[in-house]
file target-v5.csv (CSV, C-alpha atoms)
chain,number,residue,atom,x,y,z
A,1,MET,CA,4.1,-18.2,-17.4
A,2,GLN,CA,5.0,-14.7,-18.8
A,3,ASN,CA,3.6,-11.6,-17.1
A,4,ASP,CA,2.2,-10.4,-20.5
A,5,ALA,CA,0.3,-13.6,-21.4
A,6,TYR,CA,-2.9,-11.6,-20.9
A,7,LYS,CA,-2.1,-9.5,-24.0
A,8,ARG,CA,-2.4,-12.7,-26.1
A,9,GLU,CA,-5.5,-14.0,-24.2
A,10,TYR,CA,-7.4,-10.7,-24.5
A,11,THR,CA,-8.1,-11.2,-28.2
A,12,ARG,CA,-10.1,-8.7,-30.1
A,13,GLU,CA,-13.0,-11.2,-30.2
A,14,PHE,CA,-12.9,-11.8,-26.5
A,15,VAL,CA,-12.7,-8.0,-25.8
A,16,SER,CA,-15.7,-7.4,-28.0
A,17,ARG,CA,-17.6,-9.8,-25.7
A,18,TRP,CA,-16.3,-8.6,-22.4
A,19,ASP,CA,-19.1,-6.2,-21.6
A,20,ARG,CA,-21.6,-9.1,-21.9
A,21,LEU,CA,-19.5,-11.1,-19.4
A,22,ILE,CA,-19.5,-8.2,-16.9
A,23,GLY,CA,-23.2,-7.3,-17.1
A,24,TRP,CA,-22.8,-3.6,-16.4
A,25,ASP,CA,-26.2,-3.0,-14.8
A,26,SER,CA,-26.0,-6.1,-12.5
A,27,ARG,CA,-22.5,-5.4,-11.5
A,28,ALA,CA,-23.3,-1.8,-10.6
A,29,GLU,CA,-26.2,-3.1,-8.5
A,30,GLY,CA,-23.9,-5.5,-6.7
A,31,GLU,CA,-21.3,-2.9,-5.9
A,32,ASN,CA,-23.9,-0.4,-4.8
A,33,GLY,CA,-21.6,2.6,-4.9
A,34,PHE,CA,-18.9,1.0,-2.8
A,35,PHE,CA,-15.9,2.5,-4.6
A,36,GLU,CA,-17.5,5.9,-5.0
A,37,ARG,CA,-18.2,6.1,-1.2
A,38,ILE,CA,-14.6,5.1,-0.3
A,39,LEU,CA,-13.1,7.7,-2.7
A,40,ARG,CA,-15.4,10.5,-1.4
A,41,ARG,CA,-14.7,9.6,2.2
A,42,HIS,CA,-11.0,10.2,1.5
A,43,ASP,CA,-11.7,13.3,-0.5
A,44,CYS,CA,-10.2,11.9,-3.7
A,45,LYS,CA,-10.7,13.9,-6.8
A,46,GLN,CA,-8.2,12.7,-9.4
A,47,VAL,CA,-8.5,9.0,-9.8
A,48,ALA,CA,-6.8,6.5,-12.2
A,49,ASP,CA,-8.5,3.2,-13.1
A,50,ILE,CA,-5.3,1.3,-14.0
A,51,ALA,CA,-7.0,-1.9,-15.0
A,52,ALA,CA,-9.7,-0.2,-17.0
A,53,GLY,CA,-10.7,-3.2,-19.1
A,54,THR,CA,-13.6,-1.9,-21.3
A,55,GLY,CA,-14.1,1.0,-18.9
A,56,PHE,CA,-16.8,0.0,-16.5
A,57,HIS,CA,-15.3,1.6,-13.4
A,58,ALA,CA,-13.5,4.5,-15.2
A,59,ILE,CA,-16.8,5.5,-16.9
A,60,ARG,CA,-18.9,5.1,-13.7
A,61,LEU,CA,-16.3,7.2,-11.7
A,62,ALA,CA,-16.2,9.9,-14.3
A,63,HIS,CA,-20.0,10.0,-14.4
A,64,ALA,CA,-20.0,10.3,-10.6
A,65,GLY,CA,-17.8,13.5,-10.9
A,66,PHE,CA,-14.3,12.2,-10.4
A,67,GLU,CA,-11.6,13.4,-12.8
A,68,THR,CA,-10.8,9.9,-14.1
A,69,THR,CA,-7.9,8.6,-16.1
A,70,ALA,CA,-8.2,5.1,-17.7
A,71,SER,CA,-5.2,2.9,-18.4
A,72,ASP,CA,-4.7,-0.8,-19.2
A,73,GLY,CA,-2.0,-3.0,-20.5
A,74,SER,CA,-4.2,-4.2,-23.4
A,75,GLU,CA,-4.6,-1.9,-26.3
A,76,ALA,CA,-7.8,-3.6,-27.4
A,77,MET,CA,-9.3,-2.9,-23.9
A,78,ILE,CA,-8.4,0.8,-24.0
A,79,ARG,CA,-9.8,1.2,-27.5
A,80,GLN,CA,-13.1,-0.4,-26.2
A,81,THR,CA,-13.0,1.9,-23.1
A,82,GLU,CA,-12.7,5.0,-25.4
A,83,GLN,CA,-15.6,3.7,-27.5
A,84,ASN,CA,-17.8,3.0,-24.5
A,85,ALA,CA,-17.1,6.4,-23.0
A,86,GLU,CA,-18.0,8.1,-26.3
A,87,ASP,CA,-21.2,6.0,-26.6
A,88,MET,CA,-22.2,6.9,-23.1
A,89,ASP,CA,-21.3,10.6,-23.5
A,90,VAL,CA,-18.8,10.5,-20.6
A,91,ALA,CA,-15.6,12.5,-20.7
A,92,LEU,CA,-12.4,10.8,-19.4
A,93,ALA,CA,-9.4,12.9,-18.4
A,94,ASP,CA,-7.1,10.5,-20.4
A,95,ALA,CA,-7.0,7.0,-21.7
A,96,LYS,CA,-3.8,5.2,-22.6
A,97,VAL,CA,-2.1,1.9,-22.8
A,98,VAL,CA,0.3,1.5,-19.8
A,99,ASP,CA,1.9,-1.4,-18.1
A,100,TRP,CA,1.7,-1.2,-14.3
A,101,ARG,CA,5.4,-1.3,-14.0
A,102,GLU,CA,5.7,1.8,-16.1
A,103,LEU,CA,3.0,4.0,-14.5
A,104,ASP,CA,5.5,6.3,-13.0
A,105,THR,CA,7.1,6.9,-16.4
A,106,ALA,CA,3.7,7.4,-18.1
A,107,PHE,CA,2.2,9.7,-15.4
A,108,GLY,CA,4.9,11.0,-13.2
A,109,ALA,CA,5.2,11.1,-9.4
A,110,ASN,CA,2.5,12.2,-7.0
A,111,ARG,CA,-0.1,12.5,-9.8
A,112,PHE,CA,-3.3,10.9,-8.4
A,113,ASP,CA,-5.4,10.9,-5.2
A,114,ALA,CA,-6.4,7.3,-5.8
A,115,LEU,CA,-5.7,4.3,-8.0
A,116,VAL,CA,-8.2,1.5,-8.6
A,117,CYS,CA,-7.0,-1.9,-9.9
A,118,LEU,CA,-10.1,-4.0,-10.1
A,119,GLY,CA,-11.6,-7.0,-11.8
A,120,ASN,CA,-9.1,-9.5,-10.4
A,121,ALA,CA,-6.5,-7.9,-12.7
A,122,PHE,CA,-3.4,-7.9,-10.5
A,123,THR,CA,-3.4,-11.7,-10.8
A,124,HIS,CA,-2.2,-11.4,-14.4
A,125,LEU,CA,1.3,-11.0,-12.9
A,126,PHE,CA,3.1,-14.3,-12.4
A,127,ASP,CA,6.4,-13.5,-10.7
A,128,GLU,CA,7.0,-11.7,-7.5
A,129,GLU,CA,9.5,-9.3,-9.0
A,130,ALA,CA,6.9,-8.0,-11.4
A,131,ARG,CA,4.3,-7.6,-8.6
A,132,THR,CA,6.8,-5.7,-6.5
A,133,LYS,CA,7.8,-3.4,-9.3
A,134,ALA,CA,4.2,-2.8,-10.2
A,135,LEU,CA,3.3,-1.9,-6.6
A,136,ASP,CA,6.4,0.4,-6.4
A,137,SER,CA,5.2,2.2,-9.5
A,138,MET,CA,1.7,2.5,-8.2
A,139,ARG,CA,3.0,4.0,-4.9
A,140,THR,CA,5.1,6.5,-6.9
A,141,VAL,CA,2.2,7.9,-8.9
A,142,LEU,CA,0.0,8.3,-5.8
A,143,ARG,CA,0.1,11.5,-3.8
A,144,PRO,CA,1.0,11.2,-0.1
A,145,GLY,CA,-2.1,10.0,1.7
A,146,GLY,CA,-3.4,8.6,-1.6
A,147,LEU,CA,-5.4,5.3,-1.9
A,148,LEU,CA,-4.7,2.1,-3.7
A,149,ILE,CA,-7.8,0.0,-4.1
A,150,ILE,CA,-7.1,-3.5,-5.4
A,151,ASP,CA,-9.2,-6.6,-5.6
A,152,HIS,CA,-8.8,-10.3,-6.4
A,153,ARG,CA,-10.8,-13.5,-6.2
A,154,ASN,CA,-10.9,-15.5,-3.0
A,155,TYR,CA,-8.1,-17.8,-4.2
A,156,ASP,CA,-7.8,-19.2,-0.6
A,157,LYS,CA,-11.3,-20.7,-1.0
A,158,ILE,CA,-10.6,-21.9,-4.6
A,159,LEU,CA,-7.3,-23.6,-3.7
A,160,ASP,CA,-8.4,-25.0,-0.4
A,161,ASN,CA,-12.0,-25.9,-1.0
A,162,GLY,CA,-12.6,-25.9,-4.8
A,163,TYR,CA,-14.5,-23.3,-6.9
A,164,SER,CA,-17.9,-22.0,-6.1
A,165,SER,CA,-19.5,-18.6,-6.8
A,166,LYS,CA,-22.6,-16.7,-5.7
A,167,ARG,CA,-22.6,-15.0,-9.2
A,168,LYS,CA,-23.8,-11.9,-7.5
A,169,PHE,CA,-21.0,-9.3,-7.8
A,170,TYR,CA,-18.5,-9.9,-10.7
A,171,TYR,CA,-19.0,-11.4,-14.1
A,172,VAL,CA,-22.8,-11.5,-13.8
A,173,GLY,CA,-23.7,-11.1,-17.5
A,174,ASN,CA,-26.6,-13.2,-18.7
A,175,GLY,CA,-25.8,-16.6,-20.2
A,176,VAL,CA,-22.0,-16.3,-19.8
A,177,ASP,CA,-20.4,-18.9,-17.6
A,178,ALA,CA,-17.0,-18.3,-15.9
A,179,ARG,CA,-15.3,-21.1,-14.0
A,180,PRO,CA,-11.7,-22.5,-13.6
A,181,ALA,CA,-10.6,-25.2,-16.1
A,182,ILE,CA,-7.3,-25.7,-14.2
A,183,ILE,CA,-6.6,-25.1,-10.5
A,184,GLN,CA,-3.0,-25.4,-9.4
A,185,ASP,CA,-1.0,-23.6,-6.6
A,186,ASP,CA,0.7,-21.4,-9.2
A,187,LEU,CA,-2.0,-21.2,-11.9
A,188,VAL,CA,-5.8,-20.9,-12.1
A,189,LYS,CA,-7.0,-20.9,-15.7
A,190,PHE,CA,-10.5,-19.6,-16.1
A,191,GLU,CA,-12.7,-20.6,-18.9
A,192,TYR,CA,-15.4,-18.2,-20.1
A,193,SER,CA,-18.2,-19.9,-22.1
A,194,TYR,CA,-20.7,-18.0,-24.2
A,195,PRO,CA,-24.2,-19.2,-25.3
A,196,ASP,CA,-23.0,-19.5,-28.9
A,197,GLY,CA,-20.4,-22.1,-27.9
A,198,ASN,CA,-17.4,-19.9,-28.0
A,199,LYS,CA,-14.9,-20.3,-25.1
A,200,PHE,CA,-12.1,-18.0,-24.0
A,201,HIS,CA,-9.4,-18.5,-21.4
A,202,LEU,CA,-7.4,-16.3,-18.9
A,203,SER,CA,-4.3,-17.6,-17.1
A,204,LEU,CA,-4.2,-16.1,-13.5
A,205,PHE,CA,-1.9,-16.3,-10.5
A,206,PRO,CA,-3.8,-17.4,-7.4
A,207,LEU,CA,-3.1,-14.6,-4.9
A,208,ARG,CA,-3.8,-15.6,-1.4
A,209,ARG,CA,-5.2,-12.8,0.8
A,210,HIS,CA,-2.5,-12.6,3.4
A,211,TYR,CA,0.2,-12.8,0.7
A,212,MET,CA,-1.4,-9.8,-1.1
A,213,GLN,CA,-1.4,-7.9,2.2
A,214,LYS,CA,2.3,-8.7,2.7
A,215,LEU,CA,3.1,-7.4,-0.8
A,216,LEU,CA,1.3,-4.1,0.1
A,217,ASP,CA,3.1,-3.9,3.4
A,218,ASP,CA,6.5,-4.6,1.8
A,219,ALA,CA,5.8,-1.9,-0.9
A,220,GLY,CA,5.5,0.7,1.8
A,221,PHE,CA,1.7,1.0,1.9
A,222,THR,CA,0.0,1.4,5.3
A,223,SER,CA,-3.5,1.0,6.8
A,224,VAL,CA,-4.4,-2.0,4.7
A,225,THR,CA,-8.1,-2.7,5.1
A,226,THR,CA,-9.7,-5.8,3.6
A,227,TYR,CA,-13.3,-6.2,2.6
A,228,GLY,CA,-15.0,-9.4,1.5
A,229,ASP,CA,-17.7,-8.9,-1.2
A,230,PHE,CA,-17.8,-5.2,-0.2
A,231,GLU,CA,-18.4,-5.9,3.5
A,232,GLN,CA,-15.9,-5.1,6.3
A,233,ASN,CA,-17.3,-8.0,8.4
A,234,PHE,CA,-17.2,-11.2,6.5
A,235,GLU,CA,-16.5,-14.9,6.7
A,236,PRO,CA,-13.3,-15.6,4.8
A,237,ASP,CA,-14.5,-19.0,3.4
A,238,GLU,CA,-17.8,-17.6,2.1
A,239,VAL,CA,-16.9,-14.5,0.0
A,240,ASP,CA,-16.1,-14.6,-3.7
A,241,PHE,CA,-13.8,-11.5,-3.9
A,242,PHE,CA,-11.6,-9.5,-1.6
A,243,GLN,CA,-11.2,-5.7,-1.9
A,244,GLN,CA,-8.0,-4.4,-0.3
A,245,ILE,CA,-7.5,-0.7,0.4
A,246,ALA,CA,-4.1,0.6,1.2
A,247,VAL,CA,-2.7,4.1,1.9
A,248,LYS,CA,0.5,5.8,0.7
A,249,PRO,CA,2.1,7.3,3.8
A,250,ARG,CA,2.1,11.1,4.0
A,251,HIS,CA,5.8,11.2,5.2
call {"tool": "encode", "arguments": {"input": "target-v5.csv", "output": "C-alpha cells"}}
result
Amino acid sequence: MQNDAYKREYTREFVSRWDRLIGWDSRAEGENGFFERILRRHDCKQVADIAAGTGFHAIRLAHAGFETTASDGSEAMIRQTEQNAEDMDVALADAKVVDWRELDTAFGANRFDALVCLGNAFTHLFDEEARTKALDSMRTVLRPGGLLIIDHRNYDKILDNGYSSKRKFYYVGNGVDARPAIIQDDLVKFEYSYPDGNKFHLSLFPLRRHYMQKLLDDAGFTSVTTYGDFEQNFEPDEVDFFQQIAVKPRH
C-alpha cells in the first residue's frame, strides 16, 4: 500500500461530503474544548493543524484565538478548508498543501508551539520509514518544549475484538455510516455510506497504541501522555479513539 493512497481516495466528491460525515456541531460538543484547554495549559500561541481536512480544528482553534496554520497532504481538502474559513469569517495564518515528511522544508525549524494531527490521519502512512520521517519532520518544526497532539482509532480493540463504536466523538454526522469493510493486521479499510447510496473508502494502517507510543519515543519526543476519548482515566477496551500528547525536549 502506498503512503499517498489517500490522495486518490479523497476524491473531490468525497471531500465535498466530508463535513456531513464529521458533523461539526456534534463533534465540537463531544470534544468539549479538550484541545483548546491542552494548548492553553501549555501556553501555546502559534499552532499548526497538519491534518486539516476541511478545517474543523484549524477553524475552531483560530476562532478560539490561536494563530493557526492549516496544512494537509490533499489539495482538495485544503481548498475546502479555505472555503470553510471564508464562509465562517475566520482568518487562518496560512493554509497550504504539505506532506508531513516535508513540514520542515515548508515551514522551517522551531516554527510552532504545537502541532495537531487529528482525525485518525496518521494512519494513512503504511510503512515505518515514512512514519519515522514524518515524526522527525514534525519534531523539527516544533519549538523546544512544543507539543505534538496526535490521535488514532483504538485499533487494538478493532483487531482483537472486532469493530464497535459509541458514535459519540468522531464522524457523528447524521445519516452517514462509517465502518470497516476489511480488517487485517496491516490494513483496515473503512467504508463511508451516505443516505443517497454513495459509498467511499479509506485505506488505513491499524496503529496499535503502544506501537504509536514507541514511535514517538524513538523520534525523540518525551512525556507522552495518552487519553482515551478525551479522558486520562479510561478502560483501554472501551474507548473508540486515543489522543496522544508528546513534548519536544527543551534541550
call {"tool": "closest_residue", "arguments": {"input": "target-v5.csv", "among": "A:Arg139, A:Arg79, A:Arg153, A:Lys7", "to": "Glu102 (chain A)", "atoms": "only C-alpha atoms"}}
result
A:Arg139
call {"tool": "residues_around", "arguments": {"input": "target-v5.csv", "residues": "region 195-203 of chain A", "least_positions_apart": "3", "cutoff": "9 Å", "atoms": "all atoms listed in the file", "output": "ChimeraX atom specification"}}
result
/A:1,5-6,9-11,14,123-124,175-177,181,187-192
call {"tool": "atom_distance", "arguments": {"input": "target-v5.csv", "atom1": "CA of Tyr194 (chain A)", "atom2": "CA of Ala178 (chain A)"}}
result
9.1 Å
call {"tool": "atom_distance", "arguments": {"input": "target-v5.csv", "atom1": "CA of Phe221 (chain A)", "atom2": "CA of Leu61 (chain A)"}}
result
23.4 Å
call {"tool": "atom_distance", "arguments": {"input": "target-v5.csv", "atom1": "CA of Asp185 (chain A)", "atom2": "CA of Asp151 (chain A)"}}
result
18.9 Å
call {"tool": "closest_residue", "arguments": {"input": "target-v5.csv", "among": "A:Ser165, A:Asn233, A:Met77, A:Arg131", "to": "Ala219 (chain A)", "atoms": "all atoms listed in the file"}}
result
A:Arg131
call {"tool": "closest_residue", "arguments": {"input": "target-v5.csv", "among": "A:Pro206, A:Gly65, A:Pro144, A:Gly30", "to": "Gln46 (chain A)", "atoms": "all atoms listed in the file"}}
result
A:Gly65
call {"tool": "closest_residue", "arguments": {"input": "target-v5.csv", "among": "A:Asp156, A:Glu31, A:Asp186, A:Asp72", "to": "Ala51 (chain A)", "atoms": "only C-alpha atoms"}}
result
A:Asp72
call {"tool": "closest_residue", "arguments": {"input": "target-v5.csv", "among": "A:Ala85, A:Leu207, A:Leu92, A:Ile50", "to": "Ser137 (chain A)", "atoms": "all atoms listed in the file"}}
result
A:Ile50
call {"tool": "closest_residue", "arguments": {"input": "target-v5.csv", "among": "A:Phe34, A:Phe241, A:Phe66, A:Tyr170", "to": "Ile22 (chain A)", "atoms": "all atoms listed in the file"}}
result
A:Tyr170
call {"tool": "residues_near_point", "arguments": {"input": "target-v5.csv", "point": "(-5.1, -5.1, -17.3)", "cutoff": "7 Å", "atoms": "only C-alpha atoms", "output": "JSON list (two decimals) with C-alpha atoms, in the coordinates of the input"}}
result
[["chain", "number", "residue", "atom", "x", "y", "z"],
["A", 51, "ALA", "CA", -7.00, -1.90, -15.00],
["A", 52, "ALA", "CA", -9.70, -0.20, -17.00],
["A", 53, "GLY", "CA", -10.70, -3.20, -19.10],
["A", 72, "ASP", "CA", -4.70, -0.80, -19.20],
["A", 73, "GLY", "CA", -2.00, -3.00, -20.50],
["A", 74, "SER", "CA", -4.20, -4.20, -23.40],
["A", 121, "ALA", "CA", -6.50, -7.90, -12.70]]
call {"tool": "residues_near_point", "arguments": {"input": "target-v5.csv", "point": "(3.3, 2.6, -18.1)", "cutoff": "10 Å", "atoms": "all atoms listed in the file", "output": "list of chain:residue names"}}
result
A:Ile50, A:Ser71, A:Asp72, A:Gly73, A:Lys96, A:Val97, A:Val98, A:Asp99, A:Trp100, A:Arg101, A:Glu102, A:Leu103, A:Asp104, A:Thr105, A:Ala106, A:Phe107, A:Gly108, A:Ala134, A:Ser137
call {"tool": "write_last_selection", "arguments": {"input": "target-v5.csv", "atoms": "C-alpha atoms", "output": "PDB file, in the coordinates of the input"}}
result
ATOM      1  CA  ILE A  50      -5.300   1.300 -14.000  1.00  0.00           C
ATOM      2  CA  SER A  71      -5.200   2.900 -18.400  1.00  0.00           C
ATOM      3  CA  ASP A  72      -4.700  -0.800 -19.200  1.00  0.00           C
ATOM      4  CA  GLY A  73      -2.000  -3.000 -20.500  1.00  0.00           C
ATOM      5  CA  LYS A  96      -3.800   5.200 -22.600  1.00  0.00           C
ATOM      6  CA  VAL A  97      -2.100   1.900 -22.800  1.00  0.00           C
ATOM      7  CA  VAL A  98       0.300   1.500 -19.800  1.00  0.00           C
ATOM      8  CA  ASP A  99       1.900  -1.400 -18.100  1.00  0.00           C
ATOM      9  CA  TRP A 100       1.700  -1.200 -14.300  1.00  0.00           C
ATOM     10  CA  ARG A 101       5.400  -1.300 -14.000  1.00  0.00           C
ATOM     11  CA  GLU A 102       5.700   1.800 -16.100  1.00  0.00           C
ATOM     12  CA  LEU A 103       3.000   4.000 -14.500  1.00  0.00           C
ATOM     13  CA  ASP A 104       5.500   6.300 -13.000  1.00  0.00           C
ATOM     14  CA  THR A 105       7.100   6.900 -16.400  1.00  0.00           C
ATOM     15  CA  ALA A 106       3.700   7.400 -18.100  1.00  0.00           C
ATOM     16  CA  PHE A 107       2.200   9.700 -15.400  1.00  0.00           C
ATOM     17  CA  GLY A 108       4.900  11.000 -13.200  1.00  0.00           C
ATOM     18  CA  ALA A 134       4.200  -2.800 -10.200  1.00  0.00           C
ATOM     19  CA  SER A 137       5.200   2.200  -9.500  1.00  0.00           C
TER      20      SER A 137
END
call {"tool": "decode", "arguments": {"input": "target-v5.csv", "residues": "region 29-138 of chain A", "atoms": "C-alpha atoms", "output": "short mmCIF file (atom, residue, chain, number, x, y, z; two decimals), in the first residue's frame"}}
result
data_model
loop_
_atom_site.label_atom_id
_atom_site.label_comp_id
_atom_site.auth_asym_id
_atom_site.auth_seq_id
_atom_site.Cartn_x
_atom_site.Cartn_y
_atom_site.Cartn_z
CA GLU A 29 -19.89 19.01 21.69
CA GLY A 30 -18.12 15.65 22.08
CA GLU A 31 -14.64 17.21 22.31
CA ASN A 32 -15.90 19.85 24.78
CA GLY A 33 -12.88 22.15 24.35
CA PHE A 34 -10.32 19.39 25.05
CA PHE A 35 -7.67 20.59 22.59
CA GLU A 36 -8.09 24.27 23.43
CA ARG A 37 -7.58 23.50 27.13
CA ILE A 38 -4.43 21.47 26.49
CA LEU A 39 -2.94 24.20 24.28
CA ARG A 40 -3.73 26.98 26.72
CA ARG A 41 -2.36 24.97 29.65
CA HIS A 42 0.98 24.84 27.82
CA ASP A 43 0.81 28.50 26.77
CA CYS A 44 0.77 27.63 23.05
CA LYS A 45 0.07 30.52 20.70
CA GLN A 46 1.22 29.51 17.22
CA VAL A 47 -0.41 26.22 16.25
CA ALA A 48 -0.41 24.20 13.03
CA ASP A 49 -3.20 21.78 12.20
CA ILE A 50 -1.18 19.49 9.94
CA ALA A 51 -4.08 17.16 9.07
CA ALA A 52 -6.54 19.96 8.45
CA GLY A 53 -9.05 18.04 6.37
CA THR A 54 -11.86 20.51 5.70
CA GLY A 55 -10.71 22.75 8.52
CA PHE A 56 -12.75 21.71 11.57
CA HIS A 57 -9.94 22.00 14.11
CA ALA A 58 -7.97 24.76 12.36
CA ILE A 59 -11.05 26.98 12.18
CA ARG A 60 -12.11 26.23 15.76
CA LEU A 61 -8.60 26.96 17.07
CA ALA A 62 -8.34 30.19 15.09
CA HIS A 63 -11.76 31.22 16.38
CA ALA A 64 -10.53 30.49 19.92
CA GLY A 65 -7.67 32.96 19.45
CA PHE A 66 -4.74 30.78 18.41
CA GLU A 67 -2.60 31.89 15.45
CA THR A 68 -3.43 28.86 13.34
CA THR A 69 -1.83 27.47 10.20
CA ALA A 70 -3.64 24.73 8.27
CA SER A 71 -1.89 22.13 6.14
CA ASP A 72 -2.91 18.84 4.58
CA GLY A 73 -1.48 16.45 2.02
CA SER A 74 -4.67 16.65 -0.04
CA GLU A 75 -5.13 19.75 -2.17
CA ALA A 76 -8.89 19.19 -2.31
CA MET A 77 -9.02 19.26 1.50
CA ILE A 78 -7.04 22.49 1.78
CA ARG A 79 -9.21 24.20 -0.82
CA GLN A 80 -12.27 23.19 1.23
CA THR A 81 -10.60 24.43 4.43
CA GLU A 82 -10.04 27.83 2.81
CA GLN A 83 -13.64 27.95 1.64
CA ASN A 84 -14.99 26.97 5.06
CA ALA A 85 -12.81 29.57 6.81
CA GLU A 86 -14.04 32.25 4.42
CA ASP A 87 -17.68 31.19 4.88
CA MET A 88 -17.28 31.33 8.66
CA ASP A 89 -15.35 34.63 8.57
CA VAL A 90 -12.34 33.12 10.34
CA ALA A 91 -8.79 34.21 9.45
CA LEU A 92 -6.12 31.50 9.23
CA ALA A 93 -2.45 32.48 9.40
CA ASP A 94 -1.73 30.25 6.40
CA ALA A 95 -3.15 27.28 4.51
CA LYS A 96 -1.06 25.11 2.25
CA VAL A 97 -0.66 21.62 0.84
CA VAL A 98 2.22 19.89 2.67
CA ASP A 99 3.24 16.27 3.10
CA TRP A 100 4.16 15.55 6.74
CA ARG A 101 7.62 14.38 5.67
CA GLU A 102 8.25 17.84 4.21
CA LEU A 103 6.94 20.06 7.01
CA ASP A 104 10.46 21.20 7.87
CA THR A 105 11.07 22.28 4.28
CA ALA A 106 7.72 24.07 4.07
CA PHE A 107 7.81 25.85 7.43
CA GLY A 108 11.38 25.79 8.75
CA ALA A 109 12.73 24.72 12.14
CA ASN A 110 11.33 25.80 15.52
CA ARG A 111 8.29 27.40 13.92
CA PHE A 112 5.29 26.32 16.04
CA ASP A 113 4.35 25.96 19.69
CA ALA A 114 2.12 23.00 18.87
CA LEU A 115 1.09 20.67 16.09
CA VAL A 116 -2.24 18.87 15.97
CA CYS A 117 -2.57 15.82 13.74
CA LEU A 118 -6.13 14.65 14.29
CA GLY A 119 -8.96 12.66 12.78
CA ASN A 120 -7.09 9.34 12.65
CA ALA A 121 -4.93 10.91 9.93
CA PHE A 122 -1.52 9.45 10.81
CA THR A 123 -2.82 6.01 9.88
CA HIS A 124 -2.61 7.00 6.22
CA LEU A 125 1.11 6.10 6.37
CA PHE A 126 1.75 2.45 5.63
CA ASP A 127 5.46 1.93 6.20
CA GLU A 128 7.59 2.58 9.22
CA GLU A 129 10.18 4.60 7.35
CA ALA A 130 7.50 7.09 6.29
CA ARG A 131 6.13 7.30 9.83
CA THR A 132 9.63 7.89 11.22
CA LYS A 133 10.43 10.56 8.66
CA ALA A 134 7.10 12.30 9.30
CA LEU A 135 7.66 12.39 13.08
CA ASP A 136 11.21 13.67 12.61
CA SER A 137 9.87 16.47 10.44
CA MET A 138 7.16 17.27 13.00
#
